[in-house]
Amino acid sequence: MLLPENCSAKVEGIECQLAPSYVVSVKSHEGEYMLAVVCDDHKGGIEKRLVEMQKENRIPQGNIHFQPVKAVVTDCVMGINDDYIELESKRNIESDRKIL
């Protein structure tokens, strides 16, 4: 699954440009529904907003779940140096970059 490159939060109408750190979903007896992706800075604000939306019955009832975004590395796909730089600097995720 490909995730959006930026956090789903908007502050005063301006979209957050930070990379997502969490996939946000609601787990209920009917299943799990992905709602957004969010950075560390906006996690609390998104959680409060989703609780309010549940009270208004605008999203499914259930537990709001924050799953950390994980980088997946395989031997069959070679990343270019820019890919590793993005993981390490923009998303604050350590990689197993091999310096050639």
# chains A, B, ... in the order shown; residues from 1 in each chain; ligands from 1
$ residues_around --residues "stretch 4-17 of chain A" --least-positions-apart "2" --cutoff "7 Å" --atoms "only C-alpha atoms" --output "ChimeraX atom specification"
/A:2,19-20,36-39,42
$ residues_around --residues "A:Ile59" --least-positions-apart "2" --cutoff "9 Å" --atoms "only C-alpha atoms" --output "list in words"
Val26, Leu35, Leu50, Met53, Gln54, Lys55, Glu56, Asn57 and Gln61 of chain A
$ write_last_selection --atoms "C-alpha atoms" --output "compact mmCIF listing (two decimals), in the first residue's frame"
# COMPACT_ATOMS: atom_id res chain seq x y z
CA VAL A 26 -10.70 2.82 13.80
CA LEU A 35 -8.88 7.19 8.23
CA LEU A 50 -11.64 11.81 15.64
CA MET A 53 -16.35 12.89 15.02
CA GLN A 54 -17.27 9.61 16.72
CA LYS A 55 -19.55 11.51 19.15
CA GLU A 56 -21.25 13.07 16.10
CA ASN A 57 -21.51 9.63 14.40
CA GLN A 61 -17.44 3.78 16.62
$ atom_distance --atom1 "atom CA of A:Lys27" --atom2 "atom CA of A:Lys43"
17.1 Å
$ residues_around --residues "A:Ser28" --least-positions-apart "5" --cutoff "9 Å" --atoms "only C-alpha atoms" --output "PyMOL selection string"
chain A and resi 33+60-63
$ write_last_selection --atoms "C-alpha atoms" --output "JSON list (two decimals), in the first residue's frame"
[["chain", "number", "residue", "atom", "x", "y", "z"],
["A", 33, "TYR", "CA", -11.09, 1.39, 8.75],
["A", 60, "PRO", "CA", -17.42, 4.43, 12.88],
["A", 61, "GLN", "CA", -17.44, 3.78, 16.62],
["A", 62, "GLY", "CA", -14.49, 1.79, 17.96],
["A", 63, "ASN", "CA", -10.93, 2.13, 19.18]]
